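A.B. asks: Take a look at this one; I'll ask things after.
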Amino acid sequence: MPELPEVETVRRGLLPVMEGAVIAAAAVNRPDLRWPFPPGIARRLTGARVTGLRRRSKYILADLSTSETLLIHLGMSGRMLISGAQLGSFHHAHPAPAKHDHVVLDMDNGARVTFNDARRFGAMDLMPTASAEAHPLLSVLGPEPLGNDFHEGHLAARLKGRATPIKSALLDQHLVAGLGNIYVCEVLFRAGIHPARMARDVTSLEVSRLVPIIREVLSEAIEAGGSSLKDYRQADGELGYFQHSFKVYDRAGDACTSPGCGGQVTRIVQLGRSSFFCPLCQR
DNA sequence: GGTTAGTCCTGCGTGC
DNA sequence: TGCACGCAGGACTAAC
């Protein structure tokens with residue numbers, strides 16, 4: 001489930017094969033993912049040089065020489081596969097077309113980038129680069145959690161008076177953009193805050209601690225992704241999914257890892273999603 | 001305006 | 001073994 005760190009890892013993995021290269025051929029194998037592809041997307045991509053590869057929240061933005069920007073969202077199960085490229089001492093031959101290969105980009109450097117998405121919660125769109133920030137999916141996003149606009153004052157103001165669990169508030173992309181279910185669980189564990197606590201009841205002290213904790217958790221995951229990137233290239237060219245050692249996520253029944261705690265990681269459902277926490281550490 | 005439930009989708013794990 | 005079912009979840013839309 002790609003959240004901000006996974007998307008950043010994918011972006012970094014795509015950089016050496018896409019940035020500066022020309023999309024020699026683009027194949028789009030179905031009319032839609034989450035939404036319909038923009039009209040003529042294959043034609044509009046073909047011949048375009050990728051001049052930059054950026055990330056905003058969980059979106060990858062590929063700036064093109066055609067003054068358009070390709071927006072990519074991995075959704076839940078979206079994967080990027082690189083083949084035909086020389087990465088380090090490894091060369092990946094093009095694999096046989098697989099089920100759910102929806103978009104295939106053949107670069108002029110010989111690399112092939114394949115977007116595979118079984119659940120089709122992902123999305124792609126094209127927009128003018130000059131007004132990319134105004135795209136409906138991007139314009140409503142809150143600040144980047146690793147950016148300067150995300151700070152204690154912002155978070156405090158957005159949590160103030162909100163009668164919703166802190167878990168839900170931190171998942172709200174309008175409040176801060178890029179956190180998903182996994183990292184919110186990890187952040188709240190590290191902060192010692194119960195996921196069901198009302199956002200308005202989070203104290204000033206806790207808010208001041210949340211900001212650096214969110215940065216830490218995400219930065220550590222990006223770092224882990226970076227170090228795993230090399231291994232994944234070697235393994236099969238697939239980017240973005242790597243093993244993390246989560247403290248609470250998907251660890252229901254396990255002993256809490258806090259020294260001397262003795263608690264047991266517990267699962268509850270909030271807004272139809274699993275929350276994992278330690279009832280002794282998190283209040 | 002704020003909040004929550006429903007929805008989309010397919011693969012996987014579990015239980016019968 | 002095979003089937004039915006629930007679950008996973010990002011983010012929109014509708015309803016309250």
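By convention here, the chains of the structure tokens are called A, B, ... in the order presented, each chain's residues are numbered starting at 1, and ligands are numbered starting at 1 in the order presented.
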Output as a Markdown table one row per residue of chain A within 10 Å of chain C: the closest atom pair and its distance in Å to one decimal place, counting only C-alpha atoms (C1' of nucleotides), sorted by chain and residue number ascending.
C.D. replies:
```
| residue | atom | partner | partner_atom | distance |
| --- | --- | --- | --- | --- |
| A:Met1 | CA | C:DG9 | C1' | 7.6 |
| A:Pro2 | CA | C:DG10 | C1' | 9.3 |
| A:Glu3 | CA | C:DG10 | C1' | 9.2 |
| A:Lys58 | CA | C:DG10 | C1' | 9.6 |
| A:His73 | CA | C:DG10 | C1' | 9.6 |
| A:Leu74 | CA | C:DG10 | C1' | 9.2 |
| A:Gly75 | CA | C:DG10 | C1' | 5.8 |
| A:Met76 | CA | C:DG9 | C1' | 6.4 |
| A:Ser77 | CA | C:DG9 | C1' | 9.4 |
| A:Phe121 | CA | C:DG10 | C1' | 7.4 |
| A:Gly122 | CA | C:DG10 | C1' | 8.6 |
| A:Leu137 | CA | C:DA11 | C1' | 9.6 |
| A:Leu171 | CA | C:DG10 | C1' | 9.8 |
| A:Asp172 | CA | C:DA11 | C1' | 9.7 |
| A:Gln173 | CA | C:DA11 | C1' | 9.0 |
| A:Gly180 | CA | C:DG10 | C1' | 8.0 |
| A:Asn181 | CA | C:DG9 | C1' | 7.9 |
| A:Gly272 | CA | C:DG9 | C1' | 9.2 |
| A:Arg273 | CA | C:DG9 | C1' | 7.3 |
| A:Ser274 | CA | C:DA8 | C1' | 9.2 |
```
A.B. asks: Taking only C-alpha atoms (C1' of nucleotides) into account, report as a ChimeraX atom specification which residues of chain A lie within 9 Å of chain B.
C.D. replies: /A:34,118-121,162-164,271-272
A.B. asks: Suppose we keep C-alpha atoms; can you now write the selection as a PDB file, in the first residue's frame?
C.D. replies:
```
ATOM      1  CA  ARG A  34      -9.910   4.704 -11.215  1.00  0.00           C
ATOM      2  CA  ALA A 118      -4.600  -5.243 -10.036  1.00  0.00           C
ATOM      3  CA  ARG A 119      -7.249  -3.304  -8.115  1.00  0.00           C
ATOM      4  CA  ARG A 120      -7.261  -0.307 -10.410  1.00  0.00           C
ATOM      5  CA  PHE A 121      -7.457   2.237  -7.624  1.00  0.00           C
ATOM      6  CA  ARG A 162     -12.390  18.625  15.487  1.00  0.00           C
ATOM      7  CA  ALA A 163     -14.771  15.975  16.749  1.00  0.00           C
ATOM      8  CA  THR A 164     -13.133  13.142  14.886  1.00  0.00           C
ATOM      9  CA  LEU A 271     -13.946   4.275   9.559  1.00  0.00           C
ATOM     10  CA  GLY A 272     -13.822   0.759   8.191  1.00  0.00           C
TER      11      GLY A 272
END
```
A.B. asks: Return as a PyMOL selection string the full set of residues in region 1-249 of chain A whose backbone-based DSSP assignment is helix (DSSP H, G or I).
C.D. replies: chain A and resi 4-18+41-45+129-134+136-139+152-159+166-171+181-191+199-201+204-235
A.B. asks: Under the rule that only C-alpha atoms are counted, which of A:Leu138, A:Ala196, A:Leu45, A:Val202 is the nearest residue to Gly161 (chain A)?
C.D. replies: A:Val202
A.B. asks: One decimal, in Å: what's the spacing between CA of Gly253 (chain A) and CA of Leu280 (chain A)?
C.D. replies: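 CA of Leu280 (chain A) lies at a distance of 13.4 Å from CA of Gly253 (chain A).
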A.B. asks: How many Å separate CA of Phe277 (chain A) from CA of Arg56 (chain A)?
C.D. replies: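 A separation of 28.5 Å between them.
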A.B. asks: Rounded to one decimal, what separation in Å do you get between CA of Arg267 (chain A) and CA of Leu210 (chain A)?
C.D. replies: 21.5 Å
A.B. asks: Which residues come within 12 Å of Gly262 (chain A), counting only C-alpha atoms (C1' of nucleotides), excluding same-chain residues fewer than 2 positions away, as a VMD selection string?
C.D. replies: chain A and resid 253 to 260 264 to 265 278 to 281
A.B. asks: Counting only C-alpha atoms, which of A:Ala26, A:Met124, A:Ile60, A:Leu70 gets nearest to Val7 (chain A)?
C.D. replies: A:Ile60
